[in-house]
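File shown here: data02.csv, holding CSV, C-alpha atoms and all ligand atoms.
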```csv
chain,number,residue,atom,x,y,z
V,26,MET,CA,-2.7,-21.9,10.5
V,27,ALA,CA,1.1,-21.3,10.3
V,28,ASP,CA,3.2,-22.1,13.3
V,29,TYR,CA,5.3,-18.9,13.2
V,30,LEU,CA,4.6,-15.2,13.5
V,31,VAL,CA,2.6,-14.1,10.4
V,32,VAL,CA,2.7,-10.5,9.2
V,33,ASP,CA,0.1,-9.2,6.7
V,34,ALA,CA,2.1,-6.4,5.0
V,35,HIS,CA,-0.8,-4.6,3.3
V,36,VAL,CA,-4.2,-3.7,4.9
V,37,HIS,CA,-6.4,-0.6,5.0
V,38,THR,CA,-8.3,0.5,8.1
V,39,TYR,CA,-11.2,2.9,8.4
V,40,LYS,CA,-12.7,4.7,11.3
V,41,THR,CA,-16.3,3.5,10.8
V,42,PRO,CA,-18.0,0.8,8.7
V,43,GLU,CA,-19.6,3.5,6.6
V,44,ILE,CA,-16.3,5.1,5.6
V,45,GLY,CA,-14.8,1.7,4.9
V,46,LEU,CA,-17.7,0.6,2.7
V,47,GLN,CA,-17.7,3.9,0.9
V,48,ALA,CA,-14.0,3.6,0.2
V,49,MET,CA,-14.5,0.2,-1.4
V,50,GLY,CA,-17.3,1.5,-3.6
V,51,GLY,CA,-18.9,-2.0,-3.8
V,52,ALA,CA,-15.6,-3.7,-4.9
V,53,GLY,CA,-15.0,-5.5,-1.6
V,54,GLN,CA,-14.7,-9.3,-2.0
V,55,ALA,CA,-14.7,-10.3,1.7
V,56,GLY,CA,-17.8,-8.9,3.2
V,57,CYS,CA,-15.6,-6.8,5.5
V,58,ASN,CA,-16.0,-3.1,6.5
V,59,GLY,CA,-12.4,-2.1,7.4
V,60,THR,CA,-12.8,-1.1,11.0
V,61,PRO,CA,-9.9,-1.9,13.4
V,62,GLU,CA,-12.4,-3.8,15.7
V,63,GLU,CA,-13.3,-6.1,12.9
V,64,LEU,CA,-9.7,-6.5,11.7
V,65,LEU,CA,-8.4,-7.3,15.2
V,66,ASP,CA,-11.0,-10.1,15.5
V,67,ILE,CA,-10.0,-11.5,12.1
V,68,LEU,CA,-6.3,-11.5,13.1
V,69,ARG,CA,-6.9,-13.4,16.3
V,70,GLU,CA,-8.9,-16.0,14.4
V,71,ALA,CA,-6.5,-16.4,11.5
V,72,GLY,CA,-3.4,-16.4,13.7
V,73,ILE,CA,-1.9,-13.2,12.1
V,74,ALA,CA,0.4,-11.4,14.6
V,75,LYS,CA,0.9,-8.0,12.8
V,76,VAL,CA,-0.5,-6.0,10.0
V,77,VAL,CA,0.8,-3.0,8.1
V,78,GLN,CA,-1.9,-0.3,7.7
V,79,VAL,CA,-1.2,1.5,4.5
V,80,ASN,CA,-3.3,4.6,4.2
V,81,MET,CA,-5.1,5.5,1.0
V,82,THR,CA,-6.9,8.8,1.4
V,83,PRO,CA,-8.2,9.8,-2.1
V,84,MET,CA,-7.1,13.4,-2.0
V,85,ARG,CA,-7.3,14.0,-5.7
V,86,GLU,CA,-10.9,12.6,-5.8
V,87,MET,CA,-12.0,14.7,-2.8
V,88,TYR,CA,-10.4,17.8,-4.3
V,89,HIS,CA,-12.2,17.4,-7.6
V,90,ALA,CA,-15.5,16.7,-5.9
V,91,ALA,CA,-15.1,19.9,-3.9
V,92,VAL,CA,-14.2,22.0,-7.0
V,93,GLU,CA,-17.3,20.6,-8.8
V,94,LYS,CA,-19.5,22.0,-6.0
V,95,LEU,CA,-18.3,25.5,-6.6
V,96,PRO,CA,-20.4,27.8,-8.8
V,97,GLU,CA,-19.5,27.1,-12.4
V,98,ASN,CA,-17.6,30.4,-13.0
V,99,GLN,CA,-15.3,29.7,-10.0
V,100,ARG,CA,-14.1,26.2,-10.9
V,101,LYS,CA,-11.2,27.1,-13.1
V,102,GLY,CA,-7.6,27.4,-11.8
V,103,GLU,CA,-6.0,26.5,-8.6
V,104,HIS,CA,-7.9,26.3,-5.3
V,105,PRO,CA,-5.4,26.6,-2.5
V,106,GLU,CA,-8.2,26.8,0.2
V,107,ILE,CA,-9.6,23.4,-1.0
V,108,ILE,CA,-6.1,21.9,-1.1
V,109,ALA,CA,-5.6,23.1,2.5
V,110,THR,CA,-8.8,21.5,3.6
V,111,MET,CA,-8.1,18.2,1.9
V,112,SER,CA,-4.5,18.2,3.2
V,113,GLU,CA,-5.9,18.5,6.7
V,114,ARG,CA,-8.1,15.5,6.1
V,115,VAL,CA,-5.1,13.4,4.9
V,116,LYS,CA,-3.2,14.5,8.0
V,117,ARG,CA,-6.1,13.8,10.4
V,118,ARG,CA,-6.4,10.3,9.0
V,119,ASN,CA,-2.6,9.8,9.4
V,120,ARG,CA,-2.8,10.9,13.0
V,121,TRP,CA,-5.6,8.4,13.6
V,122,THR,CA,-3.7,5.6,12.0
V,123,CYS,CA,-0.6,6.4,14.2
V,124,GLU,CA,-2.8,6.6,17.3
V,125,LEU,CA,-4.2,3.2,16.5
V,126,ALA,CA,-0.7,1.8,16.1
V,127,ARG,CA,0.1,3.1,19.6
V,128,GLU,CA,-3.0,1.5,21.1
V,129,HIS,CA,-2.6,-1.8,19.3
V,130,PRO,CA,1.0,-3.0,18.8
V,131,GLU,CA,-0.2,-5.4,16.2
V,132,LEU,CA,-1.3,-2.6,13.9
V,133,ILE,CA,1.7,-0.9,12.2
V,134,ALA,CA,1.3,2.6,10.7
V,135,PHE,CA,2.2,3.6,7.1
V,136,PRO,CA,0.5,7.0,6.6
V,137,SER,CA,0.0,8.5,3.2
V,138,ILE,CA,0.8,11.8,1.4
V,139,ASP,CA,-0.2,13.2,-2.0
V,140,PRO,CA,1.7,15.5,-4.3
V,141,LEU,CA,-1.4,17.8,-4.4
V,142,MET,CA,-0.3,18.8,-0.9
V,143,GLY,CA,2.9,20.3,-2.3
V,144,SER,CA,6.5,19.3,-1.6
V,145,GLU,CA,7.0,21.3,1.6
V,146,ALA,CA,3.8,20.1,3.2
V,147,MET,CA,4.6,16.5,2.2
V,148,VAL,CA,8.1,16.7,3.8
V,149,ALA,CA,6.6,18.2,7.0
V,150,GLU,CA,4.0,15.5,7.1
V,151,VAL,CA,6.6,12.7,6.7
V,152,GLU,CA,8.5,14.2,9.6
V,153,ALA,CA,5.3,14.4,11.7
V,154,CYS,CA,4.5,10.8,10.9
V,155,ALA,CA,8.0,9.6,11.8
V,156,LYS,CA,7.6,11.4,15.2
V,157,ASP,CA,4.2,9.9,15.6
V,158,GLY,CA,5.7,6.3,15.3
V,159,ALA,CA,5.0,5.6,11.6
V,160,LYS,CA,7.3,2.9,10.2
V,161,GLY,CA,7.0,4.0,6.6
V,162,ILE,CA,5.0,5.9,4.0
V,163,LYS,CA,2.3,4.8,1.6
V,164,LEU,CA,1.9,6.3,-1.9
V,165,HIS,CA,-0.9,5.6,-4.3
V,166,PRO,CA,0.1,7.1,-7.7
V,167,ALA,CA,-2.8,5.3,-9.4
V,168,GLU,CA,-5.4,7.0,-7.3
V,169,GLY,CA,-3.7,10.3,-7.3
V,170,HIS,CA,-3.0,10.3,-11.1
V,171,TYR,CA,0.7,11.1,-10.7
V,172,PHE,CA,3.9,9.3,-11.8
V,173,PRO,CA,6.4,8.0,-9.2
V,174,ARG,CA,9.0,10.2,-10.9
V,175,ASP,CA,6.8,13.3,-10.2
V,176,GLU,CA,9.3,16.0,-9.2
V,177,ARG,CA,7.1,17.2,-6.4
V,178,LEU,CA,8.0,13.9,-4.7
V,179,TRP,CA,11.8,14.3,-5.0
V,180,PRO,CA,12.2,16.1,-1.6
V,181,VAL,CA,10.0,13.4,0.0
V,182,TYR,CA,12.2,10.6,-1.4
V,183,ALA,CA,15.3,12.4,-0.1
V,184,LYS,CA,13.7,12.7,3.3
V,185,VAL,CA,12.5,9.1,3.7
V,186,GLN,CA,15.8,7.8,2.5
V,187,LYS,CA,17.5,9.9,5.2
V,188,LEU,CA,15.1,8.8,7.9
V,189,GLY,CA,15.4,5.1,6.7
V,190,LEU,CA,11.6,4.8,6.2
V,191,PRO,CA,10.5,2.5,3.5
V,192,ILE,CA,7.8,3.4,0.9
V,193,ILE,CA,5.0,1.1,0.0
V,194,SER,CA,3.4,2.1,-3.3
V,195,HIS,CA,0.5,0.7,-5.2
V,196,GLY,CA,1.9,-1.4,-8.1
V,197,GLY,CA,0.5,-2.5,-11.4
V,198,VAL,CA,-3.2,-2.5,-12.4
V,199,PHE,CA,-5.6,-0.4,-10.2
V,200,MET,CA,-9.0,-2.0,-10.4
V,201,MET,CA,-10.9,1.0,-9.1
V,202,THR,CA,-10.1,3.4,-11.9
V,203,ASP,CA,-11.6,4.6,-15.1
V,204,TYR,CA,-8.4,5.2,-17.1
V,205,GLU,CA,-7.5,2.7,-19.7
V,206,GLY,CA,-5.7,-0.4,-18.5
V,207,GLY,CA,-5.7,0.9,-15.0
V,208,ALA,CA,-1.9,0.9,-14.8
V,209,SER,CA,-0.7,4.1,-16.6
V,210,TYR,CA,0.9,5.5,-13.4
V,211,THR,CA,2.0,2.4,-11.5
V,212,ARG,CA,3.5,-0.1,-13.9
V,213,PRO,CA,6.7,-1.3,-12.2
V,214,SER,CA,9.0,0.2,-14.8
V,215,ASN,CA,7.7,3.6,-13.8
V,216,PHE,CA,9.6,3.3,-10.5
V,217,GLU,CA,13.0,3.1,-12.2
V,218,PRO,CA,13.9,6.8,-12.0
V,219,VAL,CA,13.2,6.7,-8.3
V,220,LEU,CA,15.3,3.6,-7.6
V,221,GLU,CA,18.0,5.0,-9.8
V,222,SER,CA,18.2,8.3,-8.0
V,223,PHE,CA,17.7,7.0,-4.4
V,224,PRO,CA,19.7,3.8,-4.2
V,225,LYS,CA,19.3,3.6,-0.4
V,226,LEU,CA,15.5,4.0,-0.5
V,227,LYS,CA,13.6,0.8,0.3
V,228,LEU,CA,10.6,0.6,-2.1
V,229,VAL,CA,7.8,-1.9,-1.9
V,230,VAL,CA,5.9,-2.4,-5.1
V,231,ALA,CA,2.5,-3.8,-3.9
V,232,HIS,CA,0.6,-6.6,-5.6
V,233,LEU,CA,3.7,-8.0,-7.1
V,234,GLY,CA,3.2,-5.3,-9.8
V,235,HIS,CA,-0.2,-6.6,-10.7
V,236,GLY,CA,-0.4,-7.8,-14.3
V,237,TYR,CA,3.1,-6.5,-15.2
V,238,TRP,CA,5.0,-9.4,-13.8
V,239,ASN,CA,7.9,-9.2,-16.2
V,240,GLU,CA,8.5,-5.6,-15.4
V,241,SER,CA,8.6,-6.5,-11.7
V,242,VAL,CA,11.2,-9.1,-12.5
V,243,GLU,CA,13.3,-6.6,-14.5
V,244,LEU,CA,13.1,-4.1,-11.7
V,245,ALA,CA,14.1,-6.7,-9.1
V,246,LYS,CA,17.1,-7.7,-11.2
V,247,LYS,CA,18.4,-4.2,-11.5
V,248,TYR,CA,17.7,-2.7,-8.0
V,249,PRO,CA,18.5,-4.6,-4.8
V,250,ASN,CA,16.2,-2.2,-2.7
V,251,VAL,CA,12.9,-3.0,-4.4
V,252,PHE,CA,10.5,-5.4,-2.7
V,253,PHE,CA,7.0,-6.7,-3.3
V,254,ASP,CA,3.9,-7.8,-1.6
V,255,THR,CA,1.3,-10.5,-2.6
V,256,SER,CA,-1.8,-8.5,-1.6
V,257,ALA,CA,-4.8,-8.8,-3.9
V,258,VAL,CA,-3.1,-11.2,-6.3
V,259,ILE,CA,-3.0,-14.3,-4.0
V,260,SER,CA,-6.4,-13.8,-2.5
V,261,GLY,CA,-8.3,-17.0,-2.7
V,262,VAL,CA,-10.9,-15.2,-4.8
V,263,GLU,CA,-11.3,-17.5,-7.8
V,264,HIS,CA,-12.7,-15.1,-10.4
V,265,LEU,CA,-10.0,-12.4,-9.7
V,266,GLN,CA,-7.1,-14.8,-9.7
V,267,THR,CA,-4.7,-13.4,-12.3
V,268,LEU,CA,-1.8,-15.7,-11.4
V,269,SER,CA,-2.1,-19.5,-11.3
V,270,ALA,CA,-0.7,-21.2,-8.2
V,271,SER,CA,2.3,-22.5,-10.2
V,272,ASP,CA,2.9,-19.1,-11.9
V,273,ALA,CA,2.8,-17.4,-8.5
V,274,VAL,CA,5.5,-19.8,-7.1
V,275,SER,CA,7.8,-19.3,-10.1
V,276,LEU,CA,7.3,-15.5,-10.0
V,277,ILE,CA,8.0,-15.3,-6.3
V,278,ARG,CA,11.2,-17.4,-6.8
V,279,THR,CA,12.3,-15.3,-9.7
V,280,LEU,CA,11.8,-12.1,-7.8
V,281,GLY,CA,13.6,-13.7,-4.8
V,282,VAL,CA,11.9,-15.2,-1.8
V,283,GLU,CA,13.8,-12.8,0.4
V,284,ARG,CA,12.0,-9.9,-1.3
V,285,VAL,CA,8.4,-10.8,-1.2
V,286,MET,CA,6.0,-10.2,1.7
V,287,PHE,CA,2.6,-11.7,2.3
V,288,GLY,CA,-0.3,-9.2,2.2
V,289,SER,CA,-4.1,-9.3,1.8
V,290,ASP,CA,-5.4,-5.8,0.9
V,291,TYR,CA,-8.1,-6.1,3.7
V,292,PRO,CA,-10.9,-5.0,3.6
V,293,TRP,CA,-11.1,-5.6,-0.1
V,294,PHE,CA,-9.9,-9.2,0.4
V,295,SER,CA,-9.9,-11.4,3.4
V,296,PRO,CA,-6.6,-11.9,5.4
V,297,ALA,CA,-7.8,-15.4,6.4
V,298,SER,CA,-8.5,-16.7,2.8
V,299,SER,CA,-5.4,-14.9,1.4
V,300,LEU,CA,-3.4,-16.7,4.0
V,301,LYS,CA,-5.1,-20.0,3.3
V,302,SER,CA,-4.5,-19.6,-0.4
V,303,PHE,CA,-0.8,-18.6,0.2
V,304,LEU,CA,-0.2,-21.7,2.4
V,305,GLN,CA,-1.5,-23.9,-0.4
V,306,LEU,CA,1.3,-22.8,-2.7
V,307,SER,CA,4.0,-25.4,-3.3
V,308,LEU,CA,6.8,-23.4,-1.6
V,309,THR,CA,9.1,-24.9,1.0
V,310,THR,CA,8.4,-24.3,4.7
V,311,ASP,CA,11.5,-22.1,4.9
V,312,GLU,CA,10.3,-20.0,1.9
V,313,LYS,CA,6.8,-19.6,3.5
V,314,GLU,CA,8.3,-18.6,6.8
V,315,LYS,CA,10.2,-15.8,5.1
V,316,ILE,CA,7.3,-14.5,3.0
V,317,LEU,CA,4.8,-14.7,5.9
V,318,GLY,CA,6.8,-12.7,8.3
V,319,LYS,CA,10.6,-12.8,8.4
V,320,ASN,CA,11.0,-10.6,5.4
V,321,ALA,CA,8.5,-8.0,6.6
V,322,ARG,CA,10.2,-7.8,10.0
V,323,ARG,CA,13.6,-7.3,8.3
V,324,ILE,CA,12.5,-5.0,5.3
V,325,LEU,CA,10.0,-2.8,7.2
V,326,LYS,CA,11.9,-3.0,10.5
V,327,ILE,CA,8.8,-3.9,12.5
V,401,ZN,ZN,-4.2,-1.6,-1.0
```
Can the structure from this file be put into structure tokens for me?
Amino acid sequence: MADYLVVDAHVHTYKTPEIGLQAMGGAGQAGCNGTPEELLDILREAGIAKVVQVNMTPMREMYHAAVEKLPENQRKGEHPEIIATMSERVKRRNRWTCELAREHPELIAFPSIDPLMGSEAMVAEVEACAKDGAKGIKLHPAEGHYFPRDERLWPVYAKVQKLGLPIISHGGVFMMTDYEGGASYTRPSNFEPVLESFPKLKLVVAHLGHGYWNESVELAKKYPNVFFDTSAVISGVEHLQTLSASDAVSLIRTLGVERVMFGSDYPWFSPASSLKSFLQLSLTTDEKEKILGKNARRILKI
């Protein structure tokens, strides 16, 4: 256990074990179900003081599933009524996440939005989340099949930049997808137009840009407001380890130890074994202290 305040900057929470298990679709590596009750116990045991709940509500997937249920001759074209229903689901989940954060100060809320909602609804939702105590916004372009430069998101970036809310986005390979390579939408270089146009926006590319390490390095060199988290890539799960311990140390130092935050991607991975695996890296105590908490408190203002 570390002897300073540890922050896990990337977890997902679910209302019930059933919903959590369904979200993971059998890909969970930690035997966890994602409920706040389970998570709070894990945190106490592992000595983790705070976690950042990043929402991922698969709006695109839910939308397509609903369209598929329509009679065949009605499936073509836009379905505003289905979009409205799914937008409500995204918002309900966001309200729940913010409510949890109010009840439990150790659970920070980063609700999500999806371009399918439309620009106006996304901006309104960002405002609602900010009022509701959210500390930032989560995007998952890999799940939603959109690029970070998607013009529907432009008003959102302007809004979060104005509100001073950071964005955490999935970065690099997405393991739960069927498109080739799994990173079409979220390779780190795809975030360039956003960072270029919104220089004050703080953007966290999750998973150190999973698999596209050099692109993360290039991005970090060019843009001072891009940050990273270690979730899923320093997990302690041997067969999914894509970075060796020594490569992880040199990547973190090249990106800048001030710009990397520890994360686990619970419930897919275990916060306890991710922490254990991180503590084993040959970084200095000062570097570990930054990555395990100081950076998150400064970057995410938590
Ligand atoms: Zn995640």
Next on the checklist: Could you list, as a VMD selection string, all protein and nucleic acid residues with an atom at most 12 Å from ligand ZN 401 (chain V), counting all atoms listed in the file?
Outcome noted: chain V and resid 33 to 38 48 to 49 53 59 77 to 82 135 137 163 to 168 193 to 201 230 to 233 235 254 to 258 288 to 294
Checklist entry - Taking (7.8, 16.5, 1.0) in the file's coordinates, which residues come within 7 Å, counting all atoms listed in the file, written as a list of chain:residue names? => result V:Ser144, V:Glu145, V:Ala146, V:Met147, V:Val148, V:Ala149, V:Val151, V:Leu178, V:Pro180, V:Val181
Checklist entry - In terms of the shortest atom-to-atom distance over only C-alpha atoms, which of V:Glu152, V:Lys75, V:Glu314, V:Lys184 is closest to Pro130 (chain V)? => result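 Closest candidate: V:Lys75.
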Checklist entry - Near Leu190 (chain V), counting all atoms listed in the file, which residues have an atom at most 10 Å away, once you skip same-chain residues fewer than 6 positions from it, shown as a PyMOL selection string? => result chain V and resi 135+151+155+159-162+182+184+226-228+324-326
Item to check | Between CA of Asp157 (chain V) and CA of Glu128 (chain V) - distance in Å to one decimal | outcome: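 Going from CA of Glu128 (chain V) over to CA of Asp157 (chain V), I get 12.4 Å.
Pairwise distance (CA of Arg118 (chain V), CA of Ile73 (chain V)) equals 24.1 Å.
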Next on the checklist: Calculated over all atoms listed in the file, which of the candidates V:Tyr210, V:Phe172, V:Tyr248, V:Phe303 has the smallest distance to Pro224 (chain V)?
Outcome noted: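 Nearest to Pro224 (chain V): V:Tyr248.
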Item to check | Residue among V:Leu300, V:Met286, V:Leu30, V:Leu276 lying closest to Ile259 (chain V), counting all atoms listed in the file | outcome: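 Selected residue with least distance to Ile259 (chain V): V:Leu300.
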Checklist entry - What does the distance from CA of Gly236 (chain V) to CA of Gly318 (chain V) come to in Å, to one decimal? => result 24.2 Å
Next on the checklist: When you count all atoms listed in the file, which of these residues is closest to Phe287 (chain V): V:Val76, V:Ala245, V:Lys116, V:Glu86?
Outcome noted: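 Checking each of V:Val76, V:Ala245, V:Lys116, V:Glu86 against Phe287 (chain V), counting all atoms listed in the file, the winner is V:Val76.
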